[in-house]
file entry09.pdb (PDB, N, CA and C atoms)
ATOM      1  N   MET A   1     231.016  11.862  55.262  1.00  0.00           N
ATOM      2  CA  MET A   1     230.952  10.657  56.049  1.00  0.00           C
ATOM      3  C   MET A   1     230.347  10.903  57.426  1.00  0.00           C
ATOM      4  N   GLN A   2     230.388  12.160  57.888  1.00  0.00           N
ATOM      5  CA  GLN A   2     229.809  12.471  59.185  1.00  0.00           C
ATOM      6  C   GLN A   2     228.322  12.131  59.206  1.00  0.00           C
ATOM      7  N   THR A   3     227.612  12.480  58.140  1.00  0.00           N
ATOM      8  CA  THR A   3     226.185  12.182  58.074  1.00  0.00           C
ATOM      9  C   THR A   3     225.957  10.679  58.077  1.00  0.00           C
ATOM     10  N   LEU A   4     226.774   9.954  57.348  1.00  0.00           N
ATOM     11  CA  LEU A   4     226.667   8.499  57.308  1.00  0.00           C
ATOM     12  C   LEU A   4     226.913   7.906  58.693  1.00  0.00           C
ATOM     13  N   ASP A   5     227.906   8.431  59.397  1.00  0.00           N
ATOM     14  CA  ASP A   5     228.177   7.967  60.763  1.00  0.00           C
ATOM     15  C   ASP A   5     227.006   8.280  61.694  1.00  0.00           C
ATOM     16  N   GLU A   6     226.392   9.434  61.503  1.00  0.00           N
ATOM     17  CA  GLU A   6     225.237   9.792  62.322  1.00  0.00           C
ATOM     18  C   GLU A   6     224.064   8.852  62.043  1.00  0.00           C
ATOM     19  N   MET A   7     223.867   8.494  60.774  1.00  0.00           N
ATOM     20  CA  MET A   7     222.806   7.547  60.423  1.00  0.00           C
ATOM     21  C   MET A   7     223.029   6.220  61.142  1.00  0.00           C
ATOM     22  N   ARG A   8     224.280   5.787  61.219  1.00  0.00           N
ATOM     23  CA  ARG A   8     224.611   4.538  61.907  1.00  0.00           C
ATOM     24  C   ARG A   8     224.362   4.669  63.406  1.00  0.00           C
ATOM     25  N   SER A   9     224.790   5.793  63.992  1.00  0.00           N
ATOM     26  CA  SER A   9     224.630   5.962  65.440  1.00  0.00           C
ATOM     27  C   SER A   9     223.165   6.046  65.846  1.00  0.00           C
ATOM     28  N   LEU A  10     222.314   6.514  64.927  1.00  0.00           N
ATOM     29  CA  LEU A  10     220.876   6.574  65.197  1.00  0.00           C
ATOM     30  C   LEU A  10     220.162   5.267  64.848  1.00  0.00           C
ATOM     31  N   HIS A  11     220.930   4.265  64.442  1.00  0.00           N
ATOM     32  CA  HIS A  11     220.403   2.945  64.076  1.00  0.00           C
ATOM     33  C   HIS A  11     219.472   3.002  62.861  1.00  0.00           C
ATOM     34  N   LEU A  12     219.738   3.964  61.968  1.00  0.00           N
ATOM     35  CA  LEU A  12     218.973   4.060  60.730  1.00  0.00           C
ATOM     36  C   LEU A  12     219.610   3.216  59.637  1.00  0.00           C
ATOM     37  N   LEU A  13     220.869   2.858  59.831  1.00  0.00           N
ATOM     38  CA  LEU A  13     221.587   1.947  58.937  1.00  0.00           C
ATOM     39  C   LEU A  13     222.210   0.857  59.788  1.00  0.00           C
ATOM     40  N   SER A  14     222.244  -0.346  59.246  1.00  0.00           N
ATOM     41  CA  SER A  14     222.946  -1.427  59.933  1.00  0.00           C
ATOM     42  C   SER A  14     224.450  -1.214  59.776  1.00  0.00           C
ATOM     43  N   HIS A  15     225.231  -1.940  60.557  1.00  0.00           N
ATOM     44  CA  HIS A  15     226.689  -1.855  60.444  1.00  0.00           C
ATOM     45  C   HIS A  15     227.122  -2.220  59.024  1.00  0.00           C
ATOM     46  N   GLU A  16     226.510  -3.261  58.484  1.00  0.00           N
ATOM     47  CA  GLU A  16     226.849  -3.705  57.127  1.00  0.00           C
ATOM     48  C   GLU A  16     226.488  -2.643  56.084  1.00  0.00           C
ATOM     49  N   GLN A  17     225.291  -2.068  56.185  1.00  0.00           N
ATOM     50  CA  GLN A  17     224.889  -1.010  55.246  1.00  0.00           C
ATOM     51  C   GLN A  17     225.837   0.183  55.344  1.00  0.00           C
ATOM     52  N   HIS A  18     226.168   0.574  56.554  1.00  0.00           N
ATOM     53  CA  HIS A  18     227.083   1.690  56.774  1.00  0.00           C
ATOM     54  C   HIS A  18     228.423   1.422  56.083  1.00  0.00           C
ATOM     55  N   ALA A  19     228.963   0.223  56.283  1.00  0.00           N
ATOM     56  CA  ALA A  19     230.248  -0.132  55.684  1.00  0.00           C
ATOM     57  C   ALA A  19     230.170  -0.154  54.157  1.00  0.00           C
ATOM     58  N   GLN A  20     229.109  -0.750  53.616  1.00  0.00           N
ATOM     59  CA  GLN A  20     228.975  -0.853  52.163  1.00  0.00           C
ATOM     60  C   GLN A  20     228.753   0.516  51.520  1.00  0.00           C
ATOM     61  N   ILE A  21     227.900   1.331  52.108  1.00  0.00           N
ATOM     62  CA  ILE A  21     227.647   2.665  51.556  1.00  0.00           C
ATOM     63  C   ILE A  21     228.902   3.517  51.676  1.00  0.00           C
ATOM     64  N   GLY A  22     229.570   3.444  52.816  1.00  0.00           N
ATOM     65  CA  GLY A  22     230.806   4.199  53.000  1.00  0.00           C
ATOM     66  C   GLY A  22     231.868   3.809  51.982  1.00  0.00           C
ATOM     67  N   ALA A  23     232.010   2.519  51.718  1.00  0.00           N
ATOM     68  CA  ALA A  23     232.981   2.055  50.728  1.00  0.00           C
ATOM     69  C   ALA A  23     232.607   2.537  49.334  1.00  0.00           C
ATOM     70  N   TRP A  24     231.317   2.495  49.012  1.00  0.00           N
ATOM     71  CA  TRP A  24     230.869   2.941  47.693  1.00  0.00           C
ATOM     72  C   TRP A  24     231.155   4.436  47.499  1.00  0.00           C
ATOM     73  N   ILE A  25     230.846   5.225  48.517  1.00  0.00           N
ATOM     74  CA  ILE A  25     231.075   6.672  48.434  1.00  0.00           C
ATOM     75  C   ILE A  25     232.574   6.968  48.327  1.00  0.00           C
ATOM     76  N   ALA A  26     233.392   6.262  49.091  1.00  0.00           N
ATOM     77  CA  ALA A  26     234.842   6.480  49.050  1.00  0.00           C
ATOM     78  C   ALA A  26     235.413   6.125  47.683  1.00  0.00           C
ATOM     79  N   ALA A  27     234.870   5.083  47.051  1.00  0.00           N
ATOM     80  CA  ALA A  27     235.375   4.655  45.743  1.00  0.00           C
ATOM     81  C   ALA A  27     234.849   5.538  44.617  1.00  0.00           C
ATOM     82  N   GLY A  28     233.646   6.084  44.791  1.00  0.00           N
ATOM     83  CA  GLY A  28     233.050   6.928  43.754  1.00  0.00           C
ATOM     84  C   GLY A  28     233.594   8.333  43.854  1.00  0.00           C
ATOM     85  N   LYS A  29     234.386   8.714  42.920  1.00  0.00           N
ATOM     86  CA  LYS A  29     235.048  10.022  42.993  1.00  0.00           C
ATOM     87  C   LYS A  29     234.197  11.154  42.434  1.00  0.00           C
ATOM     88  N   THR A  30     233.080  10.809  41.812  1.00  0.00           N
ATOM     89  CA  THR A  30     232.204  11.845  41.237  1.00  0.00           C
ATOM     90  C   THR A  30     230.773  11.596  41.702  1.00  0.00           C
ATOM     91  N   PRO A  31     229.944  12.630  41.685  1.00  0.00           N
ATOM     92  CA  PRO A  31     228.532  12.414  42.022  1.00  0.00           C
ATOM     93  C   PRO A  31     227.879  11.379  41.114  1.00  0.00           C
ATOM     94  N   GLU A  32     228.270  11.366  39.852  1.00  0.00           N
ATOM     95  CA  GLU A  32     227.690  10.396  38.910  1.00  0.00           C
ATOM     96  C   GLU A  32     228.033   8.961  39.318  1.00  0.00           C
ATOM     97  N   ALA A  33     229.266   8.755  39.773  1.00  0.00           N
ATOM     98  CA  ALA A  33     229.681   7.416  40.211  1.00  0.00           C
ATOM     99  C   ALA A  33     228.922   7.002  41.464  1.00  0.00           C
ATOM    100  N   ILE A  34     228.744   7.940  42.386  1.00  0.00           N
ATOM    101  CA  ILE A  34     228.013   7.639  43.620  1.00  0.00           C
ATOM    102  C   ILE A  34     226.562   7.300  43.308  1.00  0.00           C
ATOM    103  N   MET A  35     225.987   7.971  42.310  1.00  0.00           N
ATOM    104  CA  MET A  35     224.590   7.720  41.931  1.00  0.00           C
ATOM    105  C   MET A  35     224.388   6.322  41.346  1.00  0.00           C
ATOM    106  N   GLN A  36     225.465   5.628  41.010  1.00  0.00           N
ATOM    107  CA  GLN A  36     225.371   4.267  40.490  1.00  0.00           C
ATOM    108  C   GLN A  36     225.373   3.221  41.609  1.00  0.00           C
ATOM    109  N   MET A  37     225.225   3.671  42.837  1.00  0.00           N
ATOM    110  CA  MET A  37     225.185   2.767  43.991  1.00  0.00           C
ATOM    111  C   MET A  37     224.097   1.721  43.776  1.00  0.00           C
ATOM    112  N   PRO A  38     224.334   0.471  44.180  1.00  0.00           N
ATOM    113  CA  PRO A  38     223.294  -0.555  44.049  1.00  0.00           C
ATOM    114  C   PRO A  38     221.980  -0.118  44.693  1.00  0.00           C
ATOM    115  N   ALA A  39     220.894  -0.534  44.082  1.00  0.00           N
ATOM    116  CA  ALA A  39     219.554  -0.075  44.479  1.00  0.00           C
ATOM    117  C   ALA A  39     219.249  -0.320  45.958  1.00  0.00           C
ATOM    118  N   HIS A  40     219.637  -1.486  46.490  1.00  0.00           N
ATOM    119  CA  HIS A  40     219.302  -1.774  47.888  1.00  0.00           C
ATOM    120  C   HIS A  40     220.040  -0.831  48.848  1.00  0.00           C
ATOM    121  N   LEU A  41     221.255  -0.433  48.494  1.00  0.00           N
ATOM    122  CA  LEU A  41     221.985   0.517  49.330  1.00  0.00           C
ATOM    123  C   LEU A  41     221.428   1.923  49.166  1.00  0.00           C
ATOM    124  N   TRP A  42     221.073   2.261  47.938  1.00  0.00           N
ATOM    125  CA  TRP A  42     220.500   3.590  47.683  1.00  0.00           C
ATOM    126  C   TRP A  42     219.189   3.764  48.456  1.00  0.00           C
ATOM    127  N   ARG A  43     218.345   2.720  48.464  1.00  0.00           N
ATOM    128  CA  ARG A  43     217.080   2.788  49.207  1.00  0.00           C
ATOM    129  C   ARG A  43     217.333   2.981  50.701  1.00  0.00           C
ATOM    130  N   ALA A  44     218.286   2.242  51.253  1.00  0.00           N
ATOM    131  CA  ALA A  44     218.590   2.355  52.680  1.00  0.00           C
ATOM    132  C   ALA A  44     219.101   3.751  53.009  1.00  0.00           C
ATOM    133  N   PHE A  45     219.978   4.279  52.163  1.00  0.00           N
ATOM    134  CA  PHE A  45     220.529   5.618  52.368  1.00  0.00           C
ATOM    135  C   PHE A  45     219.440   6.685  52.251  1.00  0.00           C
ATOM    136  N   THR A  46     218.578   6.548  51.262  1.00  0.00           N
ATOM    137  CA  THR A  46     217.494   7.511  51.057  1.00  0.00           C
ATOM    138  C   THR A  46     216.520   7.495  52.225  1.00  0.00           C
ATOM    139  N   LEU A  47     216.143   6.313  52.674  1.00  0.00           N
ATOM    140  CA  LEU A  47     215.230   6.205  53.812  1.00  0.00           C
ATOM    141  C   LEU A  47     215.849   6.826  55.060  1.00  0.00           C
ATOM    142  N   ALA A  48     217.113   6.543  55.317  1.00  0.00           N
ATOM    143  CA  ALA A  48     217.783   7.130  56.476  1.00  0.00           C
ATOM    144  C   ALA A  48     217.814   8.654  56.361  1.00  0.00           C
ATOM    145  N   SER A  49     218.039   9.166  55.150  1.00  0.00           N
ATOM    146  CA  SER A  49     218.051  10.618  54.931  1.00  0.00           C
ATOM    147  C   SER A  49     216.691  11.231  55.247  1.00  0.00           C
ATOM    148  N   VAL A  50     215.631  10.564  54.804  1.00  0.00           N
ATOM    149  CA  VAL A  50     214.276  11.062  55.067  1.00  0.00           C
ATOM    150  C   VAL A  50     213.991  11.028  56.567  1.00  0.00           C
ATOM    151  N   LEU A  51     214.353   9.952  57.219  1.00  0.00           N
ATOM    152  CA  LEU A  51     214.096   9.836  58.648  1.00  0.00           C
ATOM    153  C   LEU A  51     214.874  10.868  59.460  1.00  0.00           C
ATOM    154  N   MET A  52     216.042  11.259  58.967  1.00  0.00           N
ATOM    155  CA  MET A  52     216.830  12.298  59.637  1.00  0.00           C
ATOM    156  C   MET A  52     216.362  13.695  59.258  1.00  0.00           C
ATOM    157  N   ASN A  53     215.488  13.786  58.257  1.00  0.00           N
ATOM    158  CA  ASN A  53     215.047  15.067  57.718  1.00  0.00           C
ATOM    159  C   ASN A  53     216.247  15.854  57.188  1.00  0.00           C
ATOM    160  N   PHE A  54     217.160  15.109  56.538  1.00  0.00           N
ATOM    161  CA  PHE A  54     218.418  15.677  56.042  1.00  0.00           C
ATOM    162  C   PHE A  54     218.180  16.797  55.038  1.00  0.00           C
ATOM    163  N   ASP A  55     217.241  16.625  54.119  1.00  0.00           N
ATOM    164  CA  ASP A  55     216.991  17.648  53.105  1.00  0.00           C
ATOM    165  C   ASP A  55     216.580  18.971  53.730  1.00  0.00           C
ATOM    166  N   ALA A  56     215.808  18.927  54.791  1.00  0.00           N
ATOM    167  CA  ALA A  56     215.386  20.163  55.449  1.00  0.00           C
ATOM    168  C   ALA A  56     216.592  20.866  56.077  1.00  0.00           C
ATOM    169  N   ASP A  57     217.517  20.080  56.625  1.00  0.00           N
ATOM    170  CA  ASP A  57     218.699  20.676  57.249  1.00  0.00           C
ATOM    171  C   ASP A  57     219.591  21.375  56.233  1.00  0.00           C
ATOM    172  N   VAL A  58     219.810  20.756  55.081  1.00  0.00           N
ATOM    173  CA  VAL A  58     220.731  21.344  54.103  1.00  0.00           C
ATOM    174  C   VAL A  58     220.072  22.413  53.250  1.00  0.00           C
ATOM    175  N   SER A  59     218.744  22.503  53.275  1.00  0.00           N
ATOM    176  CA  SER A  59     218.080  23.517  52.475  1.00  0.00           C
ATOM    177  C   SER A  59     217.874  24.823  53.237  1.00  0.00           C
ATOM    178  N   GLN A  60     218.159  24.820  54.531  1.00  0.00           N
ATOM    179  CA  GLN A  60     218.013  26.018  55.341  1.00  0.00           C
ATOM    180  C   GLN A  60     219.256  26.893  55.209  1.00  0.00           C
ATOM    181  N   PRO A  61     219.079  28.207  55.145  1.00  0.00           N
ATOM    182  CA  PRO A  61     220.252  29.078  55.119  1.00  0.00           C
ATOM    183  C   PRO A  61     220.967  29.009  56.467  1.00  0.00           C
ATOM    184  N   PRO A  62     222.266  29.224  56.476  1.00  0.00           N
ATOM    185  CA  PRO A  62     222.992  29.186  57.748  1.00  0.00           C
ATOM    186  C   PRO A  62     222.522  30.306  58.683  1.00  0.00           C
ATOM    187  N   LEU A  63     222.558  30.014  59.954  1.00  0.00           N
ATOM    188  CA  LEU A  63     222.194  31.033  60.937  1.00  0.00           C
ATOM    189  C   LEU A  63     223.331  32.027  61.054  1.00  0.00           C
ATOM    190  N   LEU A  64     222.979  33.279  61.068  1.00  0.00           N
ATOM    191  CA  LEU A  64     223.984  34.325  61.241  1.00  0.00           C
ATOM    192  C   LEU A  64     224.021  34.713  62.709  1.00  0.00           C
ATOM    193  N   GLU A  65     225.195  34.660  63.263  1.00  0.00           N
ATOM    194  CA  GLU A  65     225.339  34.998  64.683  1.00  0.00           C
ATOM    195  C   GLU A  65     225.717  36.461  64.823  1.00  0.00           C
ATOM    196  N   TYR A  66     225.111  37.083  65.800  1.00  0.00           N
ATOM    197  CA  TYR A  66     225.413  38.476  66.095  1.00  0.00           C
ATOM    198  C   TYR A  66     226.589  38.522  67.051  1.00  0.00           C
ATOM    199  N   GLY A  67     227.639  39.175  66.675  1.00  0.00           N
ATOM    200  CA  GLY A  67     228.837  39.207  67.496  1.00  0.00           C
ATOM    201  C   GLY A  67     228.919  40.414  68.413  1.00  0.00           C
ATOM    202  N   GLY A  68     227.849  41.183  68.548  1.00  0.00           N
ATOM    203  CA  GLY A  68     227.927  42.417  69.322  1.00  0.00           C
ATOM    204  C   GLY A  68     227.359  42.379  70.630  1.00  0.00           C
TER     205      GLY A  68
END
call {"tool": "encode", "arguments": {"input": "entry09.pdb", "output": "structure tokens"}}
result
Amino acid sequence: MQTLDEMRSLHLLSHEQHAQIGAWIAAGKTPEAIMQMPAHLWRAFTLASVLMNFDADVSQPPLLEYGG
């Protein structure tokens, strides 16, 4: 939900889209259920993800910090 909240704070989703997508994700207990999201919400979520460059963020390996 943090990513969804960030999409809202960046004005990539409307308040209504944020609420509807959040409710759908909360109700969908499996990835398959979430993938059944209505098309208009899925498009809004996908566009917001692209605009945030979300895929690039999650595909990068974590940074290792040197503690010495």
call {"tool": "residues_around", "arguments": {"input": "entry09.pdb", "residues": "Arg8 in chain A", "least_positions_apart": "6", "cutoff": "7 Å", "atoms": "only N, CA and C atoms", "output": "VMD selection string"}}
result
chain A and resid 14 to 15 18
call {"tool": "atom_distance", "arguments": {"input": "entry09.pdb", "atom1": "CA of Ser9 in chain A", "atom2": "atom C of Ala27 in chain A"}}
result
23.2 Å
call {"tool": "atom_distance", "arguments": {"input": "entry09.pdb", "atom1": "atom C of Ile25 in chain A", "atom2": "atom N of Ala44 in chain A"}}
result
15.3 Å
call {"tool": "closest_residue", "arguments": {"input": "entry09.pdb", "among": "A:Leu10, A:Ala26, A:Ala33, A:Ile21", "to": "Thr46 in chain A", "atoms": "only C-alpha atoms"}}
result
A:Ile21
call {"tool": "atom_distance", "arguments": {"input": "entry09.pdb", "atom1": "atom C of Thr30 in chain A", "atom2": "CA of Leu12 in chain A"}}
result
23.6 Å
call {"tool": "select_by_dssp", "arguments": {"input": "entry09.pdb", "residues": "range 12-52 of chain A", "states": "alpha helix (DSSP H)", "output": "number ranges by chain"}}
result
A: 15-27, 31-34, 39-52
call {"tool": "resolve_selection", "arguments": {"input": "entry09.pdb", "expression": "the PyMOL selection byres (((chain A and resi 36-41 and name CA) around 8) and name CA)", "output": "list in words"}}
result
Gln17, Gln20, Ile21, Trp24, Glu32, Ala33, Ile34, Met35, Trp42, Arg43, Ala44 and Phe45 of chain A
